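S.K.: Below is the file model-v1.txt, which contains compact mmCIF, C-alpha atoms.
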# COMPACT_ATOMS: atom_id res chain seq x y z
CA THR X 289 113.04 292.90 -10.76
CA THR X 290 113.07 293.86 -14.40
CA HIS X 291 116.42 294.75 -15.92
CA MET X 292 116.63 297.41 -18.57
CA LYS X 293 118.15 296.06 -21.74
CA LYS X 294 121.44 297.62 -22.70
CA PRO X 295 121.97 298.90 -26.25
CA TYR X 296 124.11 295.88 -27.15
CA HIS X 297 121.35 293.53 -25.89
CA LYS X 298 118.92 295.19 -28.32
CA ALA X 299 121.44 294.93 -31.19
CA VAL X 300 121.92 291.20 -30.52
CA ASP X 301 118.16 290.65 -30.24
CA LYS X 302 117.73 292.12 -33.74
CA VAL X 303 119.97 289.47 -35.32
CA ILE X 304 118.96 286.36 -33.34
CA ILE X 305 116.71 284.93 -36.06
CA THR X 306 119.35 285.49 -38.76
CA LEU X 307 122.06 283.93 -36.58
CA ALA X 308 119.89 280.91 -35.83
CA TRP X 309 119.34 280.41 -39.58
CA PHE X 310 123.04 280.88 -40.40
CA PHE X 311 124.42 278.61 -37.67
CA GLY X 312 121.76 275.99 -38.39
CA ARG X 313 122.95 275.84 -42.00
CA ALA X 314 126.71 276.31 -41.48
CA PHE X 315 127.20 273.77 -38.67
CA SER X 316 125.32 270.49 -38.65
CA LYS X 317 127.22 268.20 -36.29
CA ILE X 318 128.00 270.04 -33.08
CA HIS X 319 128.11 268.22 -29.78
CA VAL X 320 128.26 270.15 -26.53
CA ASP X 321 128.92 268.21 -23.35
CA ARG X 322 126.57 269.79 -20.82
CA ALA X 323 127.44 267.45 -17.93
CA CYS X 324 128.68 270.27 -15.67
CA PHE X 325 126.94 273.10 -17.49
CA ASP X 326 124.13 274.79 -15.55
CA PRO X 327 123.31 278.30 -16.87
CA GLU X 328 120.92 278.82 -13.94
CA SER X 329 123.89 278.75 -11.56
CA PHE X 330 125.63 281.39 -13.69
CA LYS X 331 123.00 284.03 -12.88
CA GLU X 332 124.39 284.60 -9.40
CA SER X 333 128.03 284.30 -10.50
CA MET X 334 130.57 286.32 -12.42
CA VAL X 335 131.35 284.39 -15.61
CA MET X 336 134.46 284.41 -17.80
CA VAL X 337 134.66 282.17 -20.86
CA VAL X 338 138.27 281.40 -21.84
CA SER X 339 139.11 280.17 -25.33
CA THR X 340 142.07 279.51 -27.54
CA HIS X 341 142.09 281.74 -30.60
CA ARG X 342 142.91 279.52 -33.55
CA SER X 343 140.61 281.16 -36.08
CA GLN X 344 138.22 284.08 -36.58
CA ALA X 345 135.24 281.84 -35.83
CA GLU X 346 135.53 281.39 -32.04
CA TYR X 347 133.82 284.57 -30.95
CA PHE X 348 130.93 284.04 -33.35
CA PHE X 349 130.60 280.36 -32.60
CA PHE X 350 131.02 280.52 -28.81
CA GLY X 351 128.87 283.61 -28.57
CA TRP X 352 126.05 281.89 -30.41
CA LYS X 353 126.31 278.47 -28.72
CA LEU X 354 126.47 280.01 -25.25
CA PHE X 355 123.56 282.31 -26.06
CA GLU X 356 121.58 279.29 -27.23
CA MET X 357 122.48 277.44 -24.02
CA GLY X 358 121.38 280.28 -21.72
CA VAL X 359 124.50 282.45 -21.31
CA LYS X 360 123.03 285.58 -22.85
CA TYR X 361 124.83 288.63 -24.21
CA LEU X 362 128.46 287.56 -23.99
CA ARG X 363 130.89 290.50 -23.99
CA ILE X 364 133.85 289.70 -26.22
CA ALA X 365 137.40 291.01 -25.75
CA ALA X 366 138.42 291.80 -29.32
CA GLY X 367 141.62 293.17 -30.77
CA ASP X 368 141.50 296.77 -31.91
CA ASN X 369 142.49 295.53 -35.36
CA LEU X 370 138.92 294.13 -35.55
CA THR X 371 136.95 296.66 -33.50
CA GLY X 372 138.68 299.53 -35.30
CA LEU X 373 137.44 298.50 -38.75
CA PRO X 374 135.01 301.10 -40.17
CA VAL X 375 131.86 299.00 -40.74
CA ILE X 376 132.50 295.57 -39.23
CA GLY X 377 134.20 296.98 -36.12
CA LYS X 378 131.33 299.36 -35.40
CA MET X 379 128.82 296.54 -35.82
CA PHE X 380 130.89 294.20 -33.63
CA ARG X 381 131.10 296.83 -30.87
CA SER X 382 127.33 297.36 -31.13
CA PHE X 383 126.93 293.67 -30.19
CA GLY X 384 128.92 294.18 -26.98
CA ALA X 385 132.52 293.57 -28.06
CA PHE X 386 135.10 295.78 -26.39
CA SER X 387 138.51 296.76 -27.72
CA VAL X 388 141.83 295.44 -26.54
CA SER X 389 144.81 297.40 -27.83
CA ARG X 390 147.59 295.06 -28.89
CA ASP X 391 150.08 297.94 -29.00
CA MET X 392 149.33 298.80 -25.36
CA ALA X 393 149.25 295.22 -24.05
CA PHE X 394 152.74 295.47 -22.54
CA ARG X 395 152.01 298.67 -20.60
CA LYS X 396 151.17 297.94 -16.99
CA GLY X 397 148.81 300.91 -16.62
CA TYR X 398 146.82 299.95 -19.71
CA VAL X 399 146.46 296.32 -18.63
CA ARG X 400 145.44 297.38 -15.12
CA LYS X 401 142.69 299.67 -16.48
CA LEU X 402 141.52 297.01 -18.95
CA CYS X 403 141.33 294.45 -16.14
CA MET X 404 139.36 296.84 -13.93
CA ASP X 405 136.95 297.56 -16.81
CA VAL X 406 136.44 293.80 -17.25
CA VAL X 407 135.90 293.39 -13.50
CA ALA X 408 133.21 296.10 -13.67
CA MET X 409 131.50 294.23 -16.54
CA MET X 410 131.61 290.97 -14.60
CA GLU X 411 130.27 292.67 -11.46
CA ALA X 412 127.41 294.03 -13.60
CA GLY X 413 126.51 290.43 -14.49
CA GLU X 414 127.96 290.53 -17.99
CA PRO X 415 129.64 287.27 -19.06
CA ILE X 416 133.01 287.88 -20.74
CA LEU X 417 134.82 285.93 -23.50
CA VAL X 418 138.60 286.30 -23.44
CA PHE X 419 141.47 284.88 -25.44
CA PRO X 420 144.51 284.52 -23.15
CA GLU X 421 146.81 284.12 -26.15
CA GLY X 422 146.30 287.82 -26.85
CA GLY X 423 145.80 287.28 -30.57
CA ARG X 424 144.75 284.85 -33.24
CA SER X 425 146.93 282.08 -34.56
CA TYR X 426 147.36 282.34 -38.31
CA GLY X 427 148.52 278.73 -38.63
CA GLY X 428 145.87 277.08 -36.47
CA ASN X 429 148.25 276.33 -33.58
CA MET X 430 147.77 277.56 -30.05
CA LEU X 431 149.95 280.55 -29.19
CA GLU X 432 151.80 281.13 -25.91
CA PRO X 433 149.22 282.29 -23.32
CA LYS X 434 149.63 285.69 -21.67
CA GLY X 435 148.25 286.65 -18.24
CA GLY X 436 146.75 290.05 -19.03
CA ILE X 437 143.00 290.12 -19.18
CA LEU X 438 142.66 286.68 -17.55
CA LEU X 439 143.82 288.31 -14.32
CA SER X 440 140.45 290.10 -14.23
CA ALA X 441 138.86 286.92 -12.87
CA ILE X 442 141.26 286.97 -9.91
CA LEU X 443 140.64 290.67 -9.28
CA ALA X 444 136.87 290.10 -9.50
CA GLN X 445 137.08 287.32 -6.92
CA ALA X 446 139.29 289.41 -4.62
CA GLY X 447 136.80 292.27 -4.77
CA ASN X 448 133.77 290.01 -4.31
CA PRO X 449 134.86 287.15 -2.01
CA ASP X 450 131.28 286.05 -1.32
CA LYS X 451 130.38 285.69 -5.01
CA LYS X 452 131.43 282.87 -7.34
CA VAL X 453 133.68 283.60 -10.29
CA LEU X 454 133.24 280.87 -12.89
CA LEU X 455 135.76 280.18 -15.63
CA LEU X 456 134.37 278.18 -18.55
Please rewrite the model in this file as structure tokens.
M.R.:
Amino acid sequence: TTHMKKPYHKAVDKVIITLAWFFGRAFSKIHVDRACFDPESFKESMVMVVSTHRSQAEYFFFGWKLFEMGVKYLRIAAGDNLTGLPVIGKMFRSFGAFSVSRDMAFRKGYVRKLCMDVVAMMEAGEPILVFPEGGRSYGGNMLEPKGGILLSAILAQAGNPDKKVLLL
């Protein structure tokens, strides 16, 4: 079956050549251990990539490396402080990022809806990148992890017991 490309797929496709040029110049010595990494097995699974958030580079870097390695069109959970910016935020959202409100993160109803939205993305075959710390470290240290959006993986598995949920 042929899948229709979503608008964010088309936006990413437009910048692939530029990203390849940029990352090829900016990073020269990157080693990725692919021992247990099989993107073919991801196609039938729901995938959540979990990362610390020590700088502003993770979402760009992981998004690109995973795209290059076969995990296409990663949806990125991004703080509304980024996605709400006039030009950059709009562009970031056009590439598939979705907003997470830091002000609402302690409201049970908001977190529940956010988790269900993430479950729906995962069920639609969209790999997700989340930062369980809930924000970026400004000193380079890892922050205290929060449950929040990471709980989406558990909800996805509960709703789809016959399908694999992979955490990378």
S.K.: Any idea what the distance is between CA of Val335 in chain X and CA of His319 in chain X?
M.R.: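 Going from CA of Val335 in chain X over to CA of His319 in chain X, I get 21.7 Å.
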S.K.: List every residue of range 377-421 of chain X that has an atom at most 10 Å from any atom of range 346-360 of chain X, and for each one report the closest atom pair and its distance in Å to one decimal, counting all atoms listed in the file, with rows sorted by chain and then by increasing residue number, as a tab-separated table.
M.R.:
residue	atom	partner	partner_atom	distance
X:Ala385	CA	X:Tyr347	CA	9.5
X:Glu414	CA	X:Lys360	CA	8.5
X:Pro415	CA	X:Val359	CA	7.4
X:Ile416	CA	X:Gly351	CA	9.8
X:Leu417	CA	X:Tyr347	CA	7.6
X:Val418	CA	X:Tyr347	CA	9.1
X:Phe419	CA	X:Tyr347	CA	9.4
S.K.: Just the residues within 6 Å of Ser333 in chain X, please, counting only C-alpha atoms, with nothing from its chain fewer than 2 positions along; format it as a PyMOL selection string.
M.R.: chain X and resi 330-331+452-453
S.K.: From the options X:Lys396, X:Glu328, X:Gly413, X:Lys317, which residue's atoms come nearest to Ala444 in chain X, counting only C-alpha atoms?
M.R.: X:Gly413
S.K.: Record the distance separating CA of Met379 in chain X and CA of Phe311 in chain X, expressed in Å with one decimal.
M.R.: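 Going from CA of Met379 in chain X over to CA of Phe311 in chain X covers 18.6 Å.
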S.K.: So that I can see what lies close to Asn369 in chain X, please list as a ChimeraX atom specification the residues with an atom at most 12 Å from it, counting only C-alpha atoms and leaving out residues fewer than 3 positions away in the same chain.
M.R.: /X:365-366,372-374,376-378,380,386-391,423-424
S.K.: So how far away is CA of Ala299 in chain X from CA of Ala408 in chain X, in Å?
M.R.: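 Calculated distance between CA of Ala408 in chain X and CA of Ala299 in chain X is 21.1 Å.
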